[in-house]
Amino acid sequence: MHTNQSPQRLIRLPEVIRQTGLARSSAYDGIRAGTFPKPVPLCGRNVAWVESEIQQWIAERIAASRGAA
């Protein structure tokens, strides 16, 4: 299957923390509350996040802080 979309990139927790500024516990609290993207299971206990979903979450936080949400 071939699409014209950019390839999805998976990022691990340290990169999620770097991009969002959240602490690990805050990210997992947000996942439980349904306010932060869920990770994708990889293998065993390893997980990663879809980078575009993290970028969208960041954009939504910025828009909300500017009164545009």
# chains A, B, ... in the order shown; residues from 1 in each chain; ligands from 1

$ residues_around --residues "region 50-63 of chain A" --least-positions-apart "4" --cutoff "9 Å" --atoms "only C-alpha atoms" --output "list in words"
Gln8, Arg9, Leu10, Ile11, Val16, Gln19, Thr20, Thr35, Phe36, Pro37, Lys38, Pro39, Val40, Gly67, Ala68 and Ala69 of chain A

$ closest_residue --among "A:Arg18, A:Arg66, A:Arg12, A:Arg24" --to "Leu42 (chain A)" --atoms "only C-alpha atoms"
A:Arg12

$ select_by_dssp --residues "chain A" --states "helix (DSSP H, G or I)" --output "MDAnalysis selection string"
chainID A and resid 13:20 24:33 51:65

$ select_by_dssp --residues "chain A" --states "strand (DSSP E or B)" --output "ChimeraX atom specification"
/A:10-11,40-43,46-50

$ write_last_selection --atoms "all heavy atoms" --output "mmCIF file, in the first residue's frame"
data_model
loop_
_atom_site.group_PDB
_atom_site.id
_atom_site.type_symbol
_atom_site.label_atom_id
_atom_site.label_comp_id
_atom_site.auth_asym_id
_atom_site.auth_seq_id
_atom_site.Cartn_x
_atom_site.Cartn_y
_atom_site.Cartn_z
ATOM 1 N N LEU A 10 7.655 7.378 15.342
ATOM 2 C CA LEU A 10 7.419 7.045 16.740
ATOM 3 C C LEU A 10 8.559 7.598 17.578
ATOM 4 O O LEU A 10 9.725 7.502 17.194
ATOM 5 C CB LEU A 10 7.330 5.528 16.931
ATOM 6 C CG LEU A 10 6.165 4.846 16.225
ATOM 7 C CD1 LEU A 10 6.269 3.334 16.397
ATOM 8 C CD2 LEU A 10 4.834 5.349 16.754
ATOM 9 N N ILE A 11 8.193 8.190 18.711
ATOM 10 C CA ILE A 11 9.207 8.745 19.604
ATOM 11 C C ILE A 11 9.039 8.146 20.993
ATOM 12 O O ILE A 11 7.938 7.836 21.423
ATOM 13 C CB ILE A 11 9.156 10.289 19.647
ATOM 14 C CG1 ILE A 11 7.772 10.806 20.075
ATOM 15 C CG2 ILE A 11 9.556 10.860 18.296
ATOM 16 C CD1 ILE A 11 7.694 12.320 20.241
ATOM 17 N N VAL A 40 1.875 3.817 21.785
ATOM 18 C CA VAL A 40 1.707 2.638 20.947
ATOM 19 C C VAL A 40 2.584 1.531 21.526
ATOM 20 O O VAL A 40 3.787 1.749 21.723
ATOM 21 C CB VAL A 40 2.162 2.941 19.501
ATOM 22 C CG1 VAL A 40 2.096 1.710 18.627
ATOM 23 C CG2 VAL A 40 1.342 4.080 18.918
ATOM 24 N N PRO A 41 2.008 0.360 21.819
ATOM 25 C CA PRO A 41 2.848 -0.734 22.322
ATOM 26 C C PRO A 41 3.824 -1.191 21.233
ATOM 27 O O PRO A 41 3.458 -1.316 20.066
ATOM 28 C CB PRO A 41 1.854 -1.850 22.644
ATOM 29 C CG PRO A 41 0.496 -1.276 22.488
ATOM 30 C CD PRO A 41 0.611 -0.010 21.722
ATOM 31 N N LEU A 42 5.066 -1.427 21.614
ATOM 32 C CA LEU A 42 6.063 -1.891 20.652
ATOM 33 C C LEU A 42 6.373 -3.367 20.877
ATOM 34 O O LEU A 42 6.040 -4.196 20.061
ATOM 35 C CB LEU A 42 7.345 -1.062 20.764
ATOM 36 C CG LEU A 42 7.211 0.431 20.458
ATOM 37 C CD1 LEU A 42 8.535 1.152 20.694
ATOM 38 C CD2 LEU A 42 6.734 0.644 19.036
ATOM 39 N N CYS A 43 6.999 -3.643 21.992
ATOM 40 C CA CYS A 43 7.395 -5.018 22.296
ATOM 41 C C CYS A 43 7.583 -5.113 23.802
ATOM 42 O O CYS A 43 8.265 -4.276 24.395
ATOM 43 C CB CYS A 43 8.692 -5.335 21.567
ATOM 44 S SG CYS A 43 9.327 -6.982 21.884
ATOM 45 N N ASN A 46 7.879 -1.979 26.201
ATOM 46 C CA ASN A 46 8.320 -0.812 25.436
ATOM 47 C C ASN A 46 7.150 -0.163 24.714
ATOM 48 O O ASN A 46 6.352 -0.842 24.076
ATOM 49 C CB ASN A 46 9.383 -1.205 24.414
ATOM 50 C CG ASN A 46 10.653 -1.689 25.073
ATOM 51 O OD1 ASN A 46 11.084 -1.109 26.053
ATOM 52 N ND2 ASN A 46 11.232 -2.749 24.537
ATOM 53 N N VAL A 47 7.084 1.152 24.815
ATOM 54 C CA VAL A 47 6.053 1.918 24.126
ATOM 55 C C VAL A 47 6.683 3.143 23.476
ATOM 56 O O VAL A 47 7.793 3.546 23.829
ATOM 57 C CB VAL A 47 4.910 2.370 25.078
ATOM 58 C CG1 VAL A 47 4.181 1.177 25.667
ATOM 59 C CG2 VAL A 47 5.438 3.296 26.166
ATOM 60 N N ALA A 48 5.961 3.728 22.535
ATOM 61 C CA ALA A 48 6.388 4.966 21.899
ATOM 62 C C ALA A 48 5.140 5.745 21.534
ATOM 63 O O ALA A 48 4.027 5.203 21.522
ATOM 64 C CB ALA A 48 7.231 4.670 20.659
ATOM 65 N N TRP A 49 5.313 7.018 21.263
ATOM 66 C CA TRP A 49 4.195 7.889 20.896
ATOM 67 C C TRP A 49 4.322 8.283 19.439
ATOM 68 O O TRP A 49 5.435 8.411 18.913
ATOM 69 C CB TRP A 49 4.207 9.140 21.763
ATOM 70 C CG TRP A 49 3.679 8.935 23.133
ATOM 71 C CD1 TRP A 49 2.437 9.290 23.578
ATOM 72 C CD2 TRP A 49 4.315 8.326 24.249
ATOM 73 N NE1 TRP A 49 2.279 8.938 24.900
ATOM 74 C CE2 TRP A 49 3.438 8.336 25.337
ATOM 75 C CE3 TRP A 49 5.587 7.757 24.430
ATOM 76 C CZ2 TRP A 49 3.756 7.819 26.574
ATOM 77 C CZ3 TRP A 49 5.903 7.222 25.661
ATOM 78 C CH2 TRP A 49 4.997 7.260 26.728
ATOM 79 N N VAL A 50 3.179 8.512 18.791
ATOM 80 C CA VAL A 50 3.180 8.994 17.418
ATOM 81 C C VAL A 50 3.524 10.488 17.485
ATOM 82 O O VAL A 50 2.810 11.267 18.128
ATOM 83 C CB VAL A 50 1.808 8.769 16.740
ATOM 84 C CG1 VAL A 50 1.806 9.326 15.322
ATOM 85 C CG2 VAL A 50 1.443 7.283 16.750
#

$ atom_distance --atom1 "CA of Gly44 (chain A)" --atom2 "CA of Gly30 (chain A)"
22.1 Å

$ atom_distance --atom1 "CA of Gly21 (chain A)" --atom2 "CA of Ser65 (chain A)"
15.4 Å

$ atom_distance --atom1 "CA of Gly34 (chain A)" --atom2 "CA of Leu13 (chain A)"
17.4 Å
